[in-house]
Amino acid sequence: MKDGDLDSVDRSILYYLQQDARRTSSSDIAKQLDLSSSTVRTRLNKLEESGIIRGYHIDIDYDLAGYPLYTKIICTAPVTERDGLANEARKIHGVTAVREIMTGKRNVYVNAIGEDHDDLNRIAEDLDEVGLEIVDEQLIRDEYVCPYHGFLDAGDGSPPVDADDGTER
């Protein structure tokens with residue numbers, strides 16, 4: 001499987017996994033797609049081996065887990081050092097995600113959690129120590145993740161609808 005070479009079955013599998021990978025079995029997906037479970041498992045293995053599926057990640061409510069402060073810290077890094085600095089930021093206690101942005105001055109986004117403002121101040125200081133310049137900080141109320149409907153694009157951007165009851169498949 002080469003980069004970007006997904007057929008409609010592969011894209012559908014990705015769509016259903018994005019909805020709830022933990023509670024979605026290959027049998028569940030097979031039923032939705034009218035395929036055998038072994039076909040879906042084979043496709044999943046190929047998607048994993050090719051690196052298209054990089055992992056199955058947990059969605060945590062940090063507030064309920066005892067970390068009521070969730071922040072996005074927007075940083076600037078010299079382009080030639082961006083990759084290395086982003087990787088260093090991942091090692092900081094409390095950092096939950098790092099995104100490299102390809103354009104502009106605001107080119108590294110860091111998500112972090114903390115029990116209190118002292119935690120967030122420490123994280124900001126640690127980011128500064130590794131060489132990231134903090135441009136902005138945003139306290140996040142909540143974050144919602146949803147599947148990419150384009151994997152099941154029917155031409156108009158909408159997911160397919162079950163003909164039996166009108167619900168999304």
# chains A, B, ... in the order shown; residues from 1 in each chain; ligands from 1
>>> residues_around(residues="Arg22 in chain A", least_positions_apart="5", cutoff="12 Å", atoms="only C-alpha atoms", output="short mmCIF file (atom, residue, chain, number, x, y, z; two decimals) with N, CA and C atoms, in the first residue's frame")
data_model
loop_
_atom_site.label_atom_id
_atom_site.label_comp_id
_atom_site.auth_asym_id
_atom_site.auth_seq_id
_atom_site.Cartn_x
_atom_site.Cartn_y
_atom_site.Cartn_z
N TYR A 16 -15.16 4.16 10.61
CA TYR A 16 -15.80 3.46 11.72
C TYR A 16 -14.88 3.35 12.94
N LEU A 17 -13.60 3.20 12.72
CA LEU A 17 -12.66 3.18 13.85
C LEU A 17 -12.61 4.54 14.54
N ASP A 28 -17.97 -5.88 13.76
CA ASP A 28 -18.90 -4.75 13.65
C ASP A 28 -18.72 -4.03 12.33
N GLY A 55 -1.95 4.21 15.74
CA GLY A 55 -2.25 3.76 17.08
C GLY A 55 -3.72 3.95 17.38
N TYR A 56 -4.11 3.46 18.53
CA TYR A 56 -5.48 3.59 19.01
C TYR A 56 -5.38 4.37 20.31
N HIS A 57 -5.86 5.60 20.29
CA HIS A 57 -5.62 6.51 21.39
C HIS A 57 -6.85 6.70 22.26
N ILE A 58 -6.58 6.93 23.52
CA ILE A 58 -7.63 7.13 24.50
C ILE A 58 -8.03 8.61 24.54
N ASP A 59 -9.29 8.88 24.75
CA ASP A 59 -9.82 10.24 24.89
C ASP A 59 -10.13 10.43 26.37
#
>>> residues_around(residues="range 126-131 of chain A", least_positions_apart="2", cutoff="10 Å", atoms="only C-alpha atoms", output="PyMOL selection string")
chain A and resi 73+75-78+81-82+84-86+88-93+95+110+120-124+133-134
>>> write_last_selection(atoms="C-alpha atoms", output="compact mmCIF listing (two decimals), in the first residue's frame")
# COMPACT_ATOMS: atom_id res chain seq x y z
CA ILE A 73 0.44 27.03 24.46
CA CYS A 75 5.07 28.90 20.51
CA THR A 76 7.59 30.06 17.95
CA ALA A 77 10.63 28.03 16.98
CA PRO A 78 13.25 28.70 14.33
CA GLU A 81 15.07 23.74 14.94
CA ARG A 82 11.28 23.25 14.95
CA GLY A 84 13.91 19.01 17.50
CA LEU A 85 12.27 21.53 19.81
CA ALA A 86 8.84 19.96 19.27
CA GLU A 88 11.89 18.09 23.36
CA ALA A 89 8.54 19.65 24.33
CA ARG A 90 6.93 16.18 24.26
CA LYS A 91 9.21 15.13 27.15
CA ILE A 92 7.97 17.84 29.52
CA HIS A 93 5.79 16.55 32.37
CA VAL A 95 2.47 17.98 27.96
CA VAL A 110 1.61 22.47 22.81
CA LEU A 120 1.01 25.48 33.96
CA ASN A 121 3.66 28.04 34.93
CA ARG A 122 6.24 25.26 35.34
CA ILE A 123 5.37 23.84 31.91
CA ALA A 124 5.72 27.30 30.34
CA GLU A 133 9.30 31.22 22.59
CA ILE A 134 5.76 31.37 23.98
>>> residues_around(residues="Val79 in chain A", least_positions_apart="4", cutoff="12 Å", atoms="only C-alpha atoms", output="PyMOL selection string")
chain A and resi 75+83-86+100-108+132
>>> closest_residue(among="A:Asp5, A:Leu14, A:Asp136, A:Glu115", to="Phe151 in chain A", atoms="only C-alpha atoms")
A:Leu14
>>> closest_residue(among="A:Tyr15, A:Asp118, A:Asp7, A:Ser36", to="Leu152 in chain A", atoms="only C-alpha atoms")
A:Tyr15
>>> residues_around(residues="range 60-66 of chain A", least_positions_apart="5", cutoff="10 Å", atoms="only C-alpha atoms", output="ChimeraX atom specification")
/A:113-116,141-143
>>> write_last_selection(atoms="N, CA, C and O atoms", output="PDB file, in the first residue's frame")
ATOM      1  N   ILE A 113      -1.666  19.844  30.510  1.00  0.00           N
ATOM      2  CA  ILE A 113      -2.642  19.769  31.593  1.00  0.00           C
ATOM      3  C   ILE A 113      -1.951  20.045  32.922  1.00  0.00           C
ATOM      4  O   ILE A 113      -0.743  19.872  33.060  1.00  0.00           O
ATOM      5  N   GLY A 114      -2.763  20.476  33.893  1.00  0.00           N
ATOM      6  CA  GLY A 114      -2.213  20.701  35.217  1.00  0.00           C
ATOM      7  C   GLY A 114      -3.293  20.695  36.278  1.00  0.00           C
ATOM      8  O   GLY A 114      -4.474  20.874  35.995  1.00  0.00           O
ATOM      9  N   GLU A 115      -2.844  20.471  37.503  1.00  0.00           N
ATOM     10  CA  GLU A 115      -3.766  20.507  38.642  1.00  0.00           C
ATOM     11  C   GLU A 115      -4.055  21.938  39.064  1.00  0.00           C
ATOM     12  O   GLU A 115      -5.113  22.220  39.604  1.00  0.00           O
ATOM     13  N   ASP A 116      -3.082  22.821  38.833  1.00  0.00           N
ATOM     14  CA  ASP A 116      -3.239  24.211  39.247  1.00  0.00           C
ATOM     15  C   ASP A 116      -2.379  25.110  38.355  1.00  0.00           C
ATOM     16  O   ASP A 116      -1.659  24.633  37.482  1.00  0.00           O
ATOM     17  N   ARG A 141     -11.649  25.052  27.597  1.00  0.00           N
ATOM     18  CA  ARG A 141     -12.783  24.584  28.396  1.00  0.00           C
ATOM     19  C   ARG A 141     -13.034  23.106  28.128  1.00  0.00           C
ATOM     20  O   ARG A 141     -13.201  22.306  29.039  1.00  0.00           O
ATOM     21  N   ASP A 142     -13.075  22.704  26.853  1.00  0.00           N
ATOM     22  CA  ASP A 142     -13.305  21.308  26.483  1.00  0.00           C
ATOM     23  C   ASP A 142     -12.869  21.127  25.047  1.00  0.00           C
ATOM     24  O   ASP A 142     -12.742  22.096  24.292  1.00  0.00           O
ATOM     25  N   GLU A 143     -12.649  19.891  24.659  1.00  0.00           N
ATOM     26  CA  GLU A 143     -12.255  19.565  23.295  1.00  0.00           C
ATOM     27  C   GLU A 143     -13.066  18.370  22.838  1.00  0.00           C
ATOM     28  O   GLU A 143     -13.258  17.426  23.598  1.00  0.00           O
TER      29      GLU A 143
END
